[in-house]
$ cat upload08.cif   # mmCIF, C-alpha atoms
data_structure
loop_
_atom_site.label_atom_id
_atom_site.label_comp_id
_atom_site.auth_asym_id
_atom_site.auth_seq_id
_atom_site.Cartn_x
_atom_site.Cartn_y
_atom_site.Cartn_z
CA MET A 195 153.08 -185.93 -10.00
CA THR A 196 149.68 -187.68 -9.82
CA GLU A 197 147.88 -189.64 -7.18
CA ARG A 198 145.29 -192.43 -7.72
CA THR A 199 142.04 -192.14 -5.80
CA LYS A 200 139.91 -194.96 -4.45
CA THR A 201 137.77 -194.81 -7.64
CA GLY A 202 140.77 -195.15 -9.84
CA THR A 203 140.77 -191.73 -11.33
CA ARG A 204 143.76 -189.63 -11.25
CA THR A 205 143.87 -186.30 -9.57
CA GLY A 206 146.55 -183.71 -9.68
CA ARG A 207 148.24 -182.92 -6.49
CA VAL A 208 148.44 -179.17 -6.23
CA ARG A 209 151.27 -177.80 -4.18
CA ILE A 210 150.84 -174.34 -2.91
CA ASP A 211 153.84 -172.52 -1.47
CA VAL A 212 152.80 -169.82 0.90
CA GLN A 213 155.44 -167.21 1.56
CA HIS A 214 155.15 -165.60 4.96
CA VAL A 215 156.03 -162.00 4.38
CA PRO A 216 156.59 -160.19 7.67
CA THR A 217 154.17 -157.34 8.00
CA ALA A 218 155.38 -154.04 9.37
CA GLU A 219 154.39 -153.55 12.97
CA VAL A 220 151.77 -150.88 13.23
CA ARG A 221 152.90 -148.29 15.74
CA ARG A 222 149.99 -146.71 17.44
CA ARG A 223 150.28 -143.40 19.18
CA PRO A 224 149.67 -143.84 22.93
CA LYS A 225 146.41 -142.33 24.03
CA ASN A 226 148.19 -140.46 26.81
CA ARG A 227 151.04 -139.16 24.65
CA LYS A 228 150.37 -135.53 25.55
CA ALA A 229 150.40 -136.28 29.28
CA GLN A 230 153.55 -138.36 28.80
CA ILE A 231 155.31 -135.48 27.07
CA ALA A 232 154.24 -133.05 29.80
CA ALA A 233 155.53 -135.37 32.54
CA VAL A 234 158.93 -135.82 30.89
CA ALA A 235 159.20 -132.08 30.26
CA ALA A 236 158.29 -131.21 33.85
CA GLU A 237 161.05 -133.46 35.14
CA ALA A 238 163.60 -131.97 32.74
CA PHE A 239 162.57 -128.38 33.54
CA THR A 240 162.78 -129.14 37.26
CA GLU A 241 166.24 -130.64 36.96
CA ARG A 242 167.88 -128.13 34.60
CA GLY A 243 165.55 -125.14 34.47
CA TYR A 244 163.27 -123.85 31.74
CA HIS A 245 166.07 -122.39 29.64
CA GLY A 246 168.35 -125.39 30.10
CA VAL A 247 166.08 -127.80 28.23
CA SER A 248 165.37 -127.98 24.49
CA ILE A 249 162.34 -129.35 22.66
CA ASP A 250 164.56 -131.91 20.91
CA GLU A 251 165.79 -133.24 24.29
CA ILE A 252 162.22 -133.67 25.51
CA ALA A 253 161.15 -135.34 22.26
CA SER A 254 164.12 -137.71 22.38
CA SER A 255 163.30 -138.72 25.96
CA VAL A 256 159.73 -139.54 24.92
CA GLY A 257 160.93 -141.41 21.81
CA ILE A 258 159.49 -139.11 19.16
CA SER A 259 160.81 -136.41 16.85
CA GLY A 260 160.70 -132.69 17.46
CA PRO A 261 158.08 -132.12 14.73
CA ALA A 262 155.94 -134.89 16.27
CA LEU A 263 156.05 -133.13 19.62
CA TYR A 264 154.80 -129.92 18.01
CA ARG A 265 151.58 -131.74 17.13
CA HIS A 266 150.80 -131.69 20.84
CA PHE A 267 152.38 -128.39 21.90
CA PRO A 268 152.97 -125.39 19.64
CA ASN A 269 156.19 -124.35 21.41
CA LYS A 270 158.35 -124.95 24.45
CA TYR A 271 156.59 -122.29 26.49
CA ALA A 272 153.20 -123.97 26.01
CA LEU A 273 154.72 -127.19 27.32
CA PHE A 274 156.33 -125.41 30.25
CA SER A 275 153.22 -123.46 31.23
CA GLN A 276 151.00 -126.55 31.15
CA ALA A 277 153.46 -128.51 33.28
CA ALA A 278 153.79 -125.75 35.87
CA THR A 279 150.12 -124.82 36.12
CA GLU A 280 148.95 -128.44 36.17
CA LEU A 281 151.27 -129.30 39.06
CA ALA A 282 149.95 -126.40 41.15
CA ALA A 283 146.36 -127.26 40.20
CA ALA A 284 146.93 -130.91 41.18
CA LEU A 285 147.90 -129.81 44.68
CA GLU A 286 144.81 -127.61 44.96
CA ARG A 287 142.53 -130.40 43.70
CA ALA A 288 144.03 -132.95 46.07
CA VAL A 289 143.51 -130.84 49.18
CA ALA A 290 139.98 -129.79 48.15
CA GLN A 291 138.97 -133.32 47.12
CA ASP A 292 140.29 -134.95 50.27
CA GLU A 293 138.44 -132.39 52.36
CA ALA A 294 135.20 -133.08 50.46
CA ASP A 295 135.60 -136.86 50.56
CA GLN A 296 136.33 -137.04 54.27
CA ASP A 297 133.73 -134.47 55.40
CA VAL A 298 135.40 -134.35 58.81
CA THR A 299 133.84 -132.08 61.43
CA ASP A 300 136.74 -132.21 63.88
CA PRO A 301 139.14 -129.46 62.68
CA VAL A 302 142.21 -131.21 64.12
CA GLU A 303 141.47 -134.34 62.12
CA ARG A 304 140.58 -132.24 59.07
CA LEU A 305 143.92 -130.45 59.25
CA ASP A 306 145.69 -133.82 59.25
CA HIS A 307 143.73 -134.85 56.15
CA GLN A 308 144.56 -131.61 54.36
CA ILE A 309 148.26 -131.85 55.17
CA LEU A 310 148.39 -135.53 54.19
CA ALA A 311 146.72 -134.71 50.86
CA ALA A 312 149.44 -132.12 50.19
CA ILE A 313 152.17 -134.56 51.27
CA ARG A 314 150.89 -137.43 49.11
CA THR A 315 150.49 -135.25 46.05
CA THR A 316 154.00 -133.88 46.49
CA VAL A 317 155.47 -137.35 47.05
CA ALA A 318 153.71 -138.64 43.91
CA ASN A 319 155.15 -135.72 41.91
CA ARG A 320 158.42 -135.45 43.78
CA ARG A 321 160.65 -135.21 40.73
CA THR A 322 158.57 -132.42 39.18
CA ALA A 323 156.65 -130.60 41.91
CA GLY A 324 159.43 -128.06 42.45
CA LEU A 325 158.86 -126.66 38.97
CA TYR A 326 156.27 -124.03 39.85
CA ARG A 327 158.20 -123.16 43.00
CA TRP A 328 161.50 -122.24 41.34
CA GLU A 329 160.72 -121.62 37.68
CA SER A 330 157.48 -119.63 37.90
CA ARG A 331 159.39 -116.40 37.26
CA TYR A 332 159.50 -117.43 33.60
CA LEU A 333 155.74 -117.77 33.33
CA GLU A 334 153.77 -115.06 31.61
CA PRO A 335 151.58 -112.99 33.99
CA PRO A 336 148.28 -114.87 33.43
CA ASP A 337 149.96 -118.26 33.93
CA ARG A 338 151.89 -117.03 36.96
CA ALA A 339 148.66 -115.73 38.43
CA SER A 340 147.06 -119.13 37.88
CA VAL A 341 149.87 -120.89 39.77
CA LEU A 342 149.83 -118.37 42.62
CA GLY A 343 146.04 -118.61 42.79
CA ALA A 344 146.17 -122.39 43.19
CA ILE A 345 148.79 -122.21 45.95
CA GLU A 346 146.91 -119.42 47.72
CA ALA A 347 143.73 -121.51 47.58
CA VAL A 348 145.55 -124.34 49.35
CA ASN A 349 146.87 -121.89 51.94
CA ARG A 350 143.36 -120.52 52.53
CA ARG A 351 141.89 -123.98 53.09
CA ILE A 352 144.58 -125.03 55.52
CA GLY A 353 144.56 -121.59 57.15
CA ALA A 354 140.79 -121.67 57.72
CA THR A 355 141.12 -125.01 59.50
CA LEU A 356 144.08 -123.79 61.53
CA GLU A 357 142.19 -120.70 62.66
CA GLU A 358 139.29 -122.92 63.67
CA ILE A 359 141.67 -124.92 65.86
CA ARG A 360 143.48 -121.83 67.15
CA PRO A 361 140.95 -118.98 67.15
CA ASP A 362 143.27 -116.69 69.10
CA ILE A 363 146.02 -116.47 66.47
CA SER A 364 146.11 -113.57 64.05
CA HIS A 365 145.50 -114.01 60.34
CA ARG A 366 149.12 -113.06 59.71
CA ASP A 367 150.29 -115.84 62.02
CA SER A 368 148.00 -118.26 60.22
CA VAL A 369 149.36 -117.32 56.79
CA GLN A 370 152.99 -117.63 57.86
CA ILE A 371 152.39 -120.98 59.54
CA CYS A 372 150.59 -122.34 56.46
CA VAL A 373 153.39 -121.17 54.19
CA ALA A 374 155.88 -122.88 56.50
CA ILE A 375 153.87 -126.12 56.35
CA LEU A 376 153.81 -126.14 52.55
CA GLY A 377 157.49 -125.15 52.46
CA ALA A 378 158.39 -128.10 54.67
CA VAL A 379 156.33 -130.46 52.49
CA GLY A 380 157.80 -129.04 49.28
CA SER A 381 161.34 -129.52 50.55
CA ILE A 382 161.37 -133.11 49.30
CA THR A 383 161.53 -131.82 45.72
CA VAL A 384 165.03 -130.37 46.18
CA HIS A 385 166.88 -133.50 47.28
CA ARG A 386 166.98 -137.23 46.59
CA ALA A 387 167.19 -138.72 50.09
CA ALA A 388 165.07 -141.86 50.40
CA LEU A 389 162.58 -143.15 52.96
CA PRO A 390 159.73 -145.67 52.75
CA VAL A 391 156.63 -143.75 51.68
CA ARG A 392 154.60 -144.45 54.83
CA ARG A 393 157.45 -143.41 57.08
CA LEU A 394 158.03 -140.26 55.01
CA GLU A 395 154.35 -139.34 55.26
CA ARG A 396 154.39 -139.80 59.02
CA LEU A 397 157.63 -137.83 59.45
CA LEU A 398 156.37 -134.86 57.43
CA LEU A 399 152.95 -134.96 59.06
CA ASP A 400 154.53 -134.88 62.54
CA ALA A 401 156.75 -131.96 61.50
CA CYS A 402 153.77 -130.06 60.06
CA ARG A 403 151.73 -130.68 63.20
CA SER A 404 154.58 -129.19 65.21
CA ILE A 405 154.69 -126.17 62.89
CA ALA A 406 150.91 -125.75 63.21
CA ARG A 407 151.22 -125.59 67.01
CA THR A 408 154.04 -123.05 67.01
CA ASP A 409 153.51 -119.88 69.03
CA LEU A 410 155.08 -117.14 66.96
CA PRO A 411 156.74 -114.14 68.66
CA ALA A 412 154.80 -110.90 68.72
CA GLU A 413 154.71 -108.84 65.54
CA SER A 414 157.45 -106.30 65.20
CA GLN A 415 157.08 -102.62 65.92
CA PRO A 416 158.31 -100.03 63.40
CA ALA A 417 161.32 -99.27 65.58
CA ASP A 418 162.26 -102.95 65.42
CA THR A 419 163.36 -102.72 61.80
CA HIS A 420 167.03 -103.29 61.08
CA ALA A 421 167.74 -100.74 58.42
CA ARG A 422 170.01 -102.18 55.77
CA ASN A 423 173.11 -100.07 55.80
CA SER A 424 174.51 -99.65 52.32
CA GLY A 425 177.92 -99.10 53.88
CA ILE A 426 181.01 -97.96 52.05
CA PRO A 427 180.86 -98.68 48.30
CA LEU A 428 183.04 -101.55 47.12
CA SER A 429 186.18 -100.62 45.24
CA ASN A 430 187.12 -104.18 44.25
CA LYS A 431 185.65 -104.48 40.76
CA ARG A 432 185.44 -108.25 40.93
CA GLU A 433 183.25 -108.00 44.02
CA VAL A 434 181.15 -105.27 42.42
CA VAL A 435 180.53 -107.44 39.35
CA LEU A 436 179.64 -110.44 41.50
CA ASN A 437 177.24 -108.46 43.71
CA GLU A 438 175.47 -106.88 40.74
CA ALA A 439 175.20 -110.25 38.99
CA ILE A 440 173.55 -111.78 42.06
CA LEU A 441 170.98 -108.98 42.19
CA LEU A 442 170.19 -109.34 38.49
CA PHE A 443 170.00 -113.16 38.63
CA HIS A 444 167.61 -112.87 41.55
CA ALA A 445 165.40 -110.26 39.89
CA HIS A 446 165.21 -111.68 36.37
CA GLY A 447 166.61 -115.21 36.37
CA TYR A 448 170.03 -116.32 35.22
CA HIS A 449 169.12 -116.92 31.60
CA GLU A 450 167.39 -113.56 31.20
CA VAL A 451 170.50 -111.59 32.16
CA SER A 452 173.34 -110.81 29.75
CA ILE A 453 177.00 -110.10 30.44
CA GLU A 454 176.44 -106.63 28.98
CA GLU A 455 173.70 -105.93 31.54
CA ILE A 456 175.93 -107.12 34.38
CA GLY A 457 178.75 -104.92 33.16
CA GLN A 458 176.44 -101.93 32.84
CA ALA A 459 175.19 -102.41 36.41
CA ALA A 460 178.79 -102.66 37.62
CA GLY A 461 179.85 -99.57 35.67
CA ILE A 462 182.10 -101.39 33.20
CA ASN A 463 181.76 -102.87 29.73
CA ALA A 464 181.41 -106.56 28.85
CA SER A 465 185.14 -107.03 28.25
CA GLY A 466 185.73 -105.68 31.76
CA VAL A 467 183.48 -108.42 33.16
CA TYR A 468 185.46 -111.07 31.27
CA ARG A 469 188.66 -109.84 32.90
CA HIS A 470 187.29 -111.12 36.20
CA PHE A 471 185.10 -114.06 35.11
CA ALA A 472 185.66 -116.28 32.08
CA SER A 473 181.93 -116.75 31.47
CA LYS A 474 178.48 -116.07 32.88
CA SER A 475 178.37 -119.59 34.31
CA ASP A 476 181.60 -118.86 36.21
CA LEU A 477 179.86 -115.84 37.71
CA LEU A 478 176.95 -117.99 38.81
CA ALA A 479 179.30 -120.61 40.24
CA ALA A 480 181.14 -117.89 42.18
CA ALA A 481 177.82 -116.74 43.67
CA PHE A 482 177.01 -120.30 44.73
CA HIS A 483 180.40 -120.83 46.31
CA ARG A 484 180.04 -117.51 48.12
CA ALA A 485 176.79 -118.74 49.70
CA ALA A 486 178.27 -122.16 50.48
CA GLU A 487 181.29 -120.59 52.16
CA ARG A 488 179.13 -118.41 54.37
CA LEU A 489 177.03 -121.40 55.39
CA ALA A 490 180.22 -123.32 56.21
CA VAL A 491 181.42 -120.44 58.39
CA ALA A 492 178.02 -120.47 60.16
CA VAL A 493 178.42 -124.18 60.94
CA SER A 494 181.95 -123.69 62.24
CA THR A 495 180.90 -120.76 64.43
CA ALA A 496 177.91 -122.61 65.86
CA LEU A 497 179.96 -125.66 66.74
CA GLY A 498 182.67 -123.56 68.37
CA ASP A 499 180.21 -121.67 70.57
CA SER A 500 178.04 -124.61 71.69
CA SER A 501 178.35 -127.33 74.30
CA THR A 502 175.45 -129.61 73.22
CA PRO A 503 174.07 -130.72 69.84
CA GLN A 504 170.74 -128.98 70.50
CA GLN A 505 172.50 -125.77 71.46
CA ALA A 506 174.62 -126.01 68.30
CA LEU A 507 171.52 -126.44 66.14
CA GLU A 508 169.78 -123.51 67.79
CA SER A 509 172.86 -121.39 67.09
CA LEU A 510 172.95 -122.65 63.50
CA VAL A 511 169.30 -121.77 62.99
CA GLU A 512 169.87 -118.25 64.30
CA VAL A 513 172.88 -117.65 62.05
CA TYR A 514 171.20 -119.20 59.01
CA VAL A 515 168.07 -117.06 59.36
CA ARG A 516 170.11 -113.91 59.89
CA LEU A 517 172.17 -114.67 56.78
CA SER A 518 169.06 -115.44 54.74
CA PHE A 519 167.42 -112.13 55.66
CA ALA A 520 170.60 -110.07 55.26
CA GLN A 521 171.38 -111.57 51.84
CA SER A 522 168.08 -112.89 50.60
CA GLU A 523 168.99 -112.39 46.94
CA LEU A 524 172.11 -114.53 47.29
CA MET A 525 170.26 -117.29 49.13
CA SER A 526 167.41 -117.29 46.61
CA VAL A 527 169.83 -117.61 43.71
CA TYR A 528 171.68 -120.35 45.61
CA PHE A 529 168.58 -122.54 45.75
CA ALA A 530 166.78 -121.51 42.55
CA GLU A 531 169.49 -121.54 39.90
CA ILE A 532 171.53 -124.69 40.52
CA GLY A 533 170.06 -126.26 37.38
CA SER A 534 171.62 -123.47 35.32
CA LEU A 535 175.18 -124.59 36.07
CA PRO A 536 177.08 -126.88 33.69
CA ALA A 537 176.94 -130.50 34.86
CA PRO A 538 180.44 -130.72 36.46
CA GLN A 539 179.98 -127.52 38.44
CA ARG A 540 176.46 -128.57 39.39
CA THR A 541 177.78 -131.85 40.76
CA ASP A 542 180.47 -130.08 42.79
CA LEU A 543 177.95 -127.70 44.29
CA ARG A 544 175.48 -130.45 45.16
CA ASN A 545 178.30 -132.25 46.96
CA THR A 546 179.04 -129.09 48.94
CA GLN A 547 175.35 -128.68 49.81
CA ARG A 548 175.16 -132.33 50.82
CA LEU A 549 178.08 -131.96 53.23
CA ASN A 550 176.40 -128.96 54.85
CA VAL A 551 173.14 -130.87 55.31
CA GLU A 552 175.03 -133.87 56.69
CA GLU A 553 176.55 -131.70 59.42
CA TRP A 554 173.13 -130.43 60.45
CA ALA A 555 171.71 -133.98 60.27
CA ARG A 556 174.52 -135.35 62.45
CA LEU A 557 173.76 -132.80 65.15
CA LEU A 558 170.03 -133.47 64.91
CA GLY A 559 170.63 -137.21 65.24
CA GLU A 560 172.62 -136.64 68.43
CA ALA A 561 169.92 -134.36 69.81
CA ARG A 562 167.10 -136.72 68.75
CA PRO A 563 168.27 -140.35 68.93
CA ASP A 564 164.71 -141.45 68.11
CA LEU A 565 165.34 -140.46 64.49
CA SER A 566 167.24 -142.40 61.84
CA VAL A 567 169.93 -140.72 59.74
CA PRO A 568 167.64 -140.41 56.66
CA GLU A 569 164.87 -138.96 58.82
CA CYS A 570 167.28 -136.34 60.12
CA ARG A 571 168.21 -135.39 56.57
CA PHE A 572 164.57 -134.93 55.60
CA LEU A 573 163.87 -132.70 58.60
CA VAL A 574 166.96 -130.58 57.96
CA HIS A 575 165.88 -130.02 54.36
CA ALA A 576 162.37 -129.17 55.55
CA ALA A 577 163.66 -126.58 58.04
CA LEU A 578 166.01 -124.97 55.51
CA SER A 579 163.35 -124.90 52.81
CA LEU A 580 160.70 -123.06 54.78
CA VAL A 581 163.05 -120.11 55.39
CA LEU A 582 162.84 -118.88 51.81
CA ASP A 583 159.10 -119.43 51.54
CA VAL A 584 158.22 -117.65 54.79
CA GLY A 585 160.87 -115.01 54.15
CA ARG A 586 159.27 -114.16 50.80
CA VAL A 587 155.89 -113.70 52.47
CA MET A 588 157.62 -111.31 54.88
CA HIS A 589 159.37 -109.63 51.92
CA PHE A 590 162.52 -110.41 53.90
CA GLU A 591 161.82 -107.32 55.98
CA PRO A 592 164.82 -107.37 58.34
CA THR A 593 163.20 -107.10 61.75
CA ALA A 594 164.19 -108.97 64.88
CA ALA A 595 160.63 -110.28 65.24
CA ASN A 596 160.48 -111.61 61.68
CA GLU A 597 163.77 -113.42 62.13
CA ALA A 598 162.63 -114.78 65.50
CA ARG A 599 159.42 -116.09 63.89
CA VAL A 600 161.30 -117.97 61.21
CA GLN A 601 163.69 -119.36 63.81
CA GLU A 602 160.75 -120.72 65.83
CA LEU A 603 159.30 -122.39 62.74
CA MET A 604 162.65 -124.00 61.93
CA LEU A 605 163.11 -125.26 65.49
CA ALA A 606 159.58 -126.66 65.54
CA THR A 607 160.39 -128.57 62.34
CA LEU A 608 163.68 -129.95 63.65
CA PHE A 609 162.78 -130.78 67.22
CA GLY A 610 159.00 -131.22 67.20
CA ALA A 611 156.70 -129.89 69.88
CA ALA A 612 157.35 -132.80 72.22
CA SER A 613 161.14 -132.63 71.87
CA ARG A 614 161.65 -128.98 72.73
CA THR A 615 162.16 -127.88 76.31
#

$ encode --input "upload08.cif" --output "structure tokens"
Amino acid sequence: MTERTKTGTRTGRVRIDVQHVPTAEVRRRPKNRKAQIAAVAAEAFTERGYHGVSIDEIASSVGISGPALYRHFPNKYALFSQAATELAAALERAVAQDEADQDVTDPVERLDHQILAAIRTTVANRRTAGLYRWESRYLEPPDRASVLGAIEAVNRRIGATLEEIRPDISHRDSVQICVAILGAVGSITVHRAALPVRRLERLLLDACRSIARTDLPAESQPADTHARNSGIPLSNKREVVLNEAILLFHAHGYHEVSIEEIGQAAGINASGVYRHFASKSDLLAAAFHRAAERLAVAVSTALGDSSTPQQALESLVEVYVRLSFAQSELMSVYFAEIGSLPAPQRTDLRNTQRLNVEEWARLLGEARPDLSVPECRFLVHAALSLVLDVGRVMHFEPTAANEARVQELMLATLFGAASRT
């Protein structure tokens, strides 16, 4: 086809068909991919434990392949150690940086800043900050030392400020109080109760202030020690197997212990263990239910012997601390290894734990009508959490004074300095 121009000449009309071929979208690797992988891994390790998570699961959650993940981390342990050590280091940096930024001369105000820095860092990392607390047993010695060093540095900073405010307290008192403060703050990593952030910060800060002001009972004398009586050996093989399993799970971690080792400790072979428990996870579940049952009995006893909600809570605290010191291995396993259970059993146990906390929270709400139901739940978790942390510092040495000290710290957390009479 031709077209005549104004000059009369003919020109050829050229038709050009342009085909729009879709170009493949260029996928660029995010600049923060390594940090993204570490964050996802930390959450998974916190939820299900180091041994309960695979590299492929982490890679899938991030949206990459397993081999692609290995470009950032050579193995699962490298990923785990970075997540755990970085979380502890973040807490240390936050407390040190806040202290440097504020440059507060008043020690009371400085203590508030230090505690708030710890609270805000823990709130920001709530879904992962429990990792170094419960899973550090699986870290190799240098990495474990790094985590402990960071936490001890935080304790020293807060402790130095506390001793400036309270020059008459002993260094031991200062250490135990600081551990209780961080235990109360860290309690938010073990549950999913919700509060507005500002209200949560204020609630935890008030509880920590109360802990900081606690007058601890005098240190125990050697004669004050309650010697643990080994008693008459068990003859029920099922109970022997369960008791030995609890001790091994506590010492080495659930995933590091085999059925053969449990059987050997109980004086039977592996097939003998299977006559009583169908699997290792059934053994762990039995240990959890044993702890839950004893806590339920404690609640029932406290309610039956009390005439007011505050009196019932005081009785609960006494029984809970006594149980924790008498059977520290069982209580440690109860809180540390829930992620090792299969999902259905884990759900059942969490429901049992939730009911126990609800009973405590109901009593606290009746004793302190100024608190909302969610606030009561947070304070109950904080009080329960500090028992294990302070108990570990005391090596769970079963003395009346040690138990009385932990009771005072729990009561300060629940009732606050202004609420106690």

$ resolve_selection --input "upload08.cif" --expression "the PyMOL selection byres ((chain A and resi 578-588) around 7)" --output "number ranges by chain"
A: 370, 373-374, 377-378, 381, 574-577, 589-591, 600

$ residues_around --input "upload08.cif" --residues "Gly461 of chain A" --least-positions-apart "4" --cutoff "12 Å" --atoms "only C-alpha atoms" --output "PyMOL selection string"
chain A and resi 429+431-432+434-435+438+454-457+465-467

$ resolve_selection --input "upload08.cif" --expression "the PyMOL selection byres ((chain A and resi 338) around 12)" --output "list of chain:residue names"
A:Phe274, A:Ser275, A:Gln276, A:Ala278, A:Thr279, A:Glu280, A:Ala282, A:Tyr326, A:Arg327, A:Trp328, A:Glu329, A:Ser330, A:Arg331, A:Tyr332, A:Leu333, A:Glu334, A:Pro335, A:Pro336, A:Asp337, A:Ala339, A:Ser340, A:Val341, A:Leu342, A:Gly343, A:Ala344, A:Ile345

$ atom_distance --input "upload08.cif" --atom1 "atom CA of Glu413 of chain A" --atom2 "atom CA of Asn596 of chain A"
7.5 Å

$ closest_residue --input "upload08.cif" --among "A:Arg350, A:Arg242, A:His470, A:Arg516" --to "Thr593 of chain A" --atoms "only C-alpha atoms"
A:Arg516

$ residues_around --input "upload08.cif" --residues "segment 549-564 of chain A" --least-positions-apart "6" --cutoff "6 Å" --atoms "all atoms listed in the file" --output "short mmCIF file (atom, residue, chain, number, x, y, z; two decimals) with C-alpha atoms, keeping the file's coordinate frame"
data_model
loop_
_atom_site.label_atom_id
_atom_site.label_comp_id
_atom_site.auth_asym_id
_atom_site.auth_seq_id
_atom_site.Cartn_x
_atom_site.Cartn_y
_atom_site.Cartn_z
CA PRO A 503 174.07 -130.72 69.84
CA GLN A 504 170.74 -128.98 70.50
CA CYS A 570 167.28 -136.34 60.12
CA ARG A 571 168.21 -135.39 56.57
#

$ atom_distance --input "upload08.cif" --atom1 "atom CA of Ala520 of chain A" --atom2 "atom CA of Gly353 of chain A"
28.5 Å

$ residues_around --input "upload08.cif" --residues "Gly260 of chain A" --least-positions-apart "6" --cutoff "12 Å" --atoms "all atoms listed in the file" --output "ChimeraX atom specification"
/A:231,248-254,266-270

$ closest_residue --input "upload08.cif" --among "A:Gly498, A:Gly324, A:Pro592, A:Pro568" --to "Leu281 of chain A" --atoms "all atoms listed in the file"
A:Gly324

$ atom_distance --input "upload08.cif" --atom1 "atom CA of Val234 of chain A" --atom2 "atom CA of Ile309 of chain A"
26.8 Å

$ closest_residue --input "upload08.cif" --among "A:Ala236, A:Ile371, A:Ala388, A:Leu510" --to "Leu603 of chain A" --atoms "all atoms listed in the file"
A:Ile371

$ residues_around --input "upload08.cif" --residues "Leu441 of chain A" --least-positions-apart "6" --cutoff "12 Å" --atoms "only C-alpha atoms" --output "ChimeraX atom specification"
/A:434-435,447-448,451,455-456,459-460,478,481,521-528

$ closest_residue --input "upload08.cif" --among "A:Gly610, A:Pro411, A:Pro261, A:Gly533" --to "Ala594 of chain A" --atoms "all atoms listed in the file"
A:Pro411

$ residues_around --input "upload08.cif" --residues "Ala537 of chain A" --least-positions-apart "2" --cutoff "12 Å" --atoms "only C-alpha atoms" --output "list of chain:residue names"
A:Glu241, A:Arg242, A:Gly246, A:Ser475, A:Ala479, A:Ile532, A:Gly533, A:Ser534, A:Leu535, A:Gln539, A:Arg540, A:Thr541, A:Asp542, A:Leu543, A:Arg544

$ decode --input "upload08.cif" --residues "segment 344-362 of chain A" --atoms "C-alpha atoms" --output "compact mmCIF listing (two decimals), in the first residue's frame"
# COMPACT_ATOMS: atom_id res chain seq x y z
CA ALA A 344 26.48 -10.59 78.11
CA ILE A 345 23.81 -11.37 80.71
CA GLU A 346 26.29 -10.98 83.56
CA ALA A 347 27.32 -7.59 82.16
CA VAL A 348 23.69 -6.47 82.28
CA ASN A 349 23.40 -7.75 85.84
CA ARG A 350 26.56 -5.87 86.85
CA ARG A 351 25.30 -2.59 85.42
CA ILE A 352 21.93 -2.83 87.10
CA GLY A 353 23.51 -4.17 90.28
CA ALA A 354 25.97 -1.27 90.50
CA THR A 355 23.10 1.20 90.27
CA LEU A 356 21.06 -0.74 92.82
CA GLU A 357 23.95 -0.77 95.29
CA GLU A 358 24.32 2.96 94.81
CA ILE A 359 20.66 3.39 95.76
CA ARG A 360 20.84 0.84 98.58
CA PRO A 361 24.41 0.94 99.93
CA ASP A 362 23.51 -1.22 102.93
